[in-house]
Amino acid sequence: MKNILGKKHGMTRVFSEEGIVEPVSVLEVGPCVVTQIKTEQKHGYQAIQIGYLAANRLNAPEAGHLNRASLVRHLREFKVTDLGDSQVGQIIDVGMFQPGDFVDITGISKGKGFAGGMKRHNFRGGPKTHGQSDRARAPGSVGAGTTPGRVFKGTPMAGHMGSQTITASNLKVIMVDIERNLILVKGSVPGSKNTILSIKESKKGNKGS
């Protein structure tokens, strides 16, 4: 499996060989360093932990954990079925991807503050006729009467919108720039500019390609 970290730069567009305009997200990917290898015998599962972006300020536990690898700012762990020849300190970069690959990209979506029910859950609002004048954007009834006499957990209501972990699946890699550590993927990815992203090979997309 191909697993790496990167950050979002923004969106642009490119033209295919057929002259078709394709919207793409520009991602700066790696280089990353393998900071830990977890095995079935020692940890109960197989995974590779990788680090991204150099760090110059770490507390004692963080520095101790990274004493055999580079000091990095961001750590992510990816479960794998085959560790292969992975080693602590190994450098991985954008060269692992090729145009035509499919990837799953995970990141934190843009935060949108406190939002009402109509914006957050696409409620239609209240009636706009028969004398109703001040409840157009109200959510309406949220609970039952005497039984059960409470509001169920998870009821769609107003609240904090955005800032959630989102995965965009099966995005096609359009272009790879090894010199500048950039890849262009078709479509949008979660987050705003400089959002840290986890990028891994898409099983479903690559299987079907």
# chains A, B, ... in the order shown; residues from 1 in each chain; ligands from 1
call {"tool": "residues_around", "arguments": {"residues": "Ser188 of chain A", "least_positions_apart": "4", "cutoff": "8 Å", "atoms": "only C-alpha atoms", "output": "PyMOL selection string"}}
result
chain A and resi 11+23-25+168
call {"tool": "residues_around", "arguments": {"residues": "Val72 of chain A", "least_positions_apart": "3", "cutoff": "9 Å", "atoms": "only C-alpha atoms", "output": "short mmCIF file (atom, residue, chain, number, x, y, z; two decimals) with N, CA and C atoms, in the first residue's frame"}}
result
data_model
loop_
_atom_site.label_atom_id
_atom_site.label_comp_id
_atom_site.auth_asym_id
_atom_site.auth_seq_id
_atom_site.Cartn_x
_atom_site.Cartn_y
_atom_site.Cartn_z
N CYS A 32 8.37 12.23 3.53
CA CYS A 32 8.06 11.76 4.88
C CYS A 32 9.11 10.74 5.32
N VAL A 33 9.17 10.51 6.62
CA VAL A 33 10.12 9.56 7.17
C VAL A 33 9.38 8.53 7.99
N THR A 35 8.82 6.57 11.08
CA THR A 35 9.23 6.80 12.47
C THR A 35 9.03 5.57 13.36
N GLY A 51 6.18 10.32 9.64
CA GLY A 51 6.21 11.70 10.09
C GLY A 51 6.39 12.66 8.94
N TYR A 52 5.88 13.89 9.13
CA TYR A 52 5.90 14.89 8.06
C TYR A 52 6.22 16.27 8.64
N LEU A 53 7.02 17.02 7.96
CA LEU A 53 7.45 18.38 8.28
C LEU A 53 8.38 18.39 9.50
N ALA A 54 9.49 19.06 9.35
CA ALA A 54 10.50 19.13 10.42
C ALA A 54 9.99 19.93 11.61
N ALA A 55 10.37 19.48 12.80
CA ALA A 55 9.98 20.16 14.04
C ALA A 55 11.23 20.55 14.80
N ASN A 56 11.23 21.73 15.39
CA ASN A 56 12.37 22.16 16.20
C ASN A 56 12.02 22.31 17.67
N LEU A 58 10.02 20.04 20.53
CA LEU A 58 9.30 18.84 20.95
C LEU A 58 9.49 18.66 22.44
N LEU A 66 11.06 9.71 18.90
CA LEU A 66 11.65 9.92 17.58
C LEU A 66 13.17 9.88 17.60
N ALA A 69 14.71 8.46 14.46
CA ALA A 69 14.25 9.00 13.18
C ALA A 69 14.34 10.52 13.25
N LEU A 75 2.52 13.20 12.91
CA LEU A 75 2.64 11.75 12.85
C LEU A 75 1.29 11.15 12.45
#
call {"tool": "residues_around", "arguments": {"residues": "segment 78-91 of chain A", "least_positions_apart": "5", "cutoff": "9 Å", "atoms": "only C-alpha atoms", "output": "VMD selection string"}}
result
chain A and resid 1 3 to 4 30 to 39 45 to 50 68 to 70 200
call {"tool": "closest_residue", "arguments": {"among": "A:Gly149, A:Pro190, A:Gly116, A:Gly126", "to": "Thr165 of chain A", "atoms": "only C-alpha atoms"}}
result
A:Pro190
call {"tool": "residues_around", "arguments": {"residues": "His121 of chain A", "least_positions_apart": "6", "cutoff": "12 Å", "atoms": "only C-alpha atoms", "output": "PDB file with C-alpha atoms, in the first residue's frame"}}
result
ATOM      1  CA  ALA A 115     -25.090  27.151  12.006  1.00  0.00           C
ATOM      2  CA  ARG A 137     -36.063  29.309   9.612  1.00  0.00           C
ATOM      3  CA  PRO A 139     -36.317  23.705  13.024  1.00  0.00           C
ATOM      4  CA  THR A 155     -31.540  14.702  16.640  1.00  0.00           C
ATOM      5  CA  PRO A 156     -30.612  17.142  13.842  1.00  0.00           C
ATOM      6  CA  MET A 157     -30.432  20.594  15.419  1.00  0.00           C
ATOM      7  CA  ALA A 158     -28.461  23.798  15.192  1.00  0.00           C
ATOM      8  CA  GLY A 159     -24.811  23.523  16.240  1.00  0.00           C
ATOM      9  CA  HIS A 160     -21.168  23.593  15.205  1.00  0.00           C
ATOM     10  CA  MET A 161     -20.770  22.969  11.491  1.00  0.00           C
ATOM     11  CA  GLY A 162     -17.670  21.677   9.750  1.00  0.00           C
TER      12      GLY A 162
END
call {"tool": "atom_distance", "arguments": {"atom1": "atom CA of Ser169 of chain A", "atom2": "atom CA of Gly44 of chain A"}}
result
27.8 Å
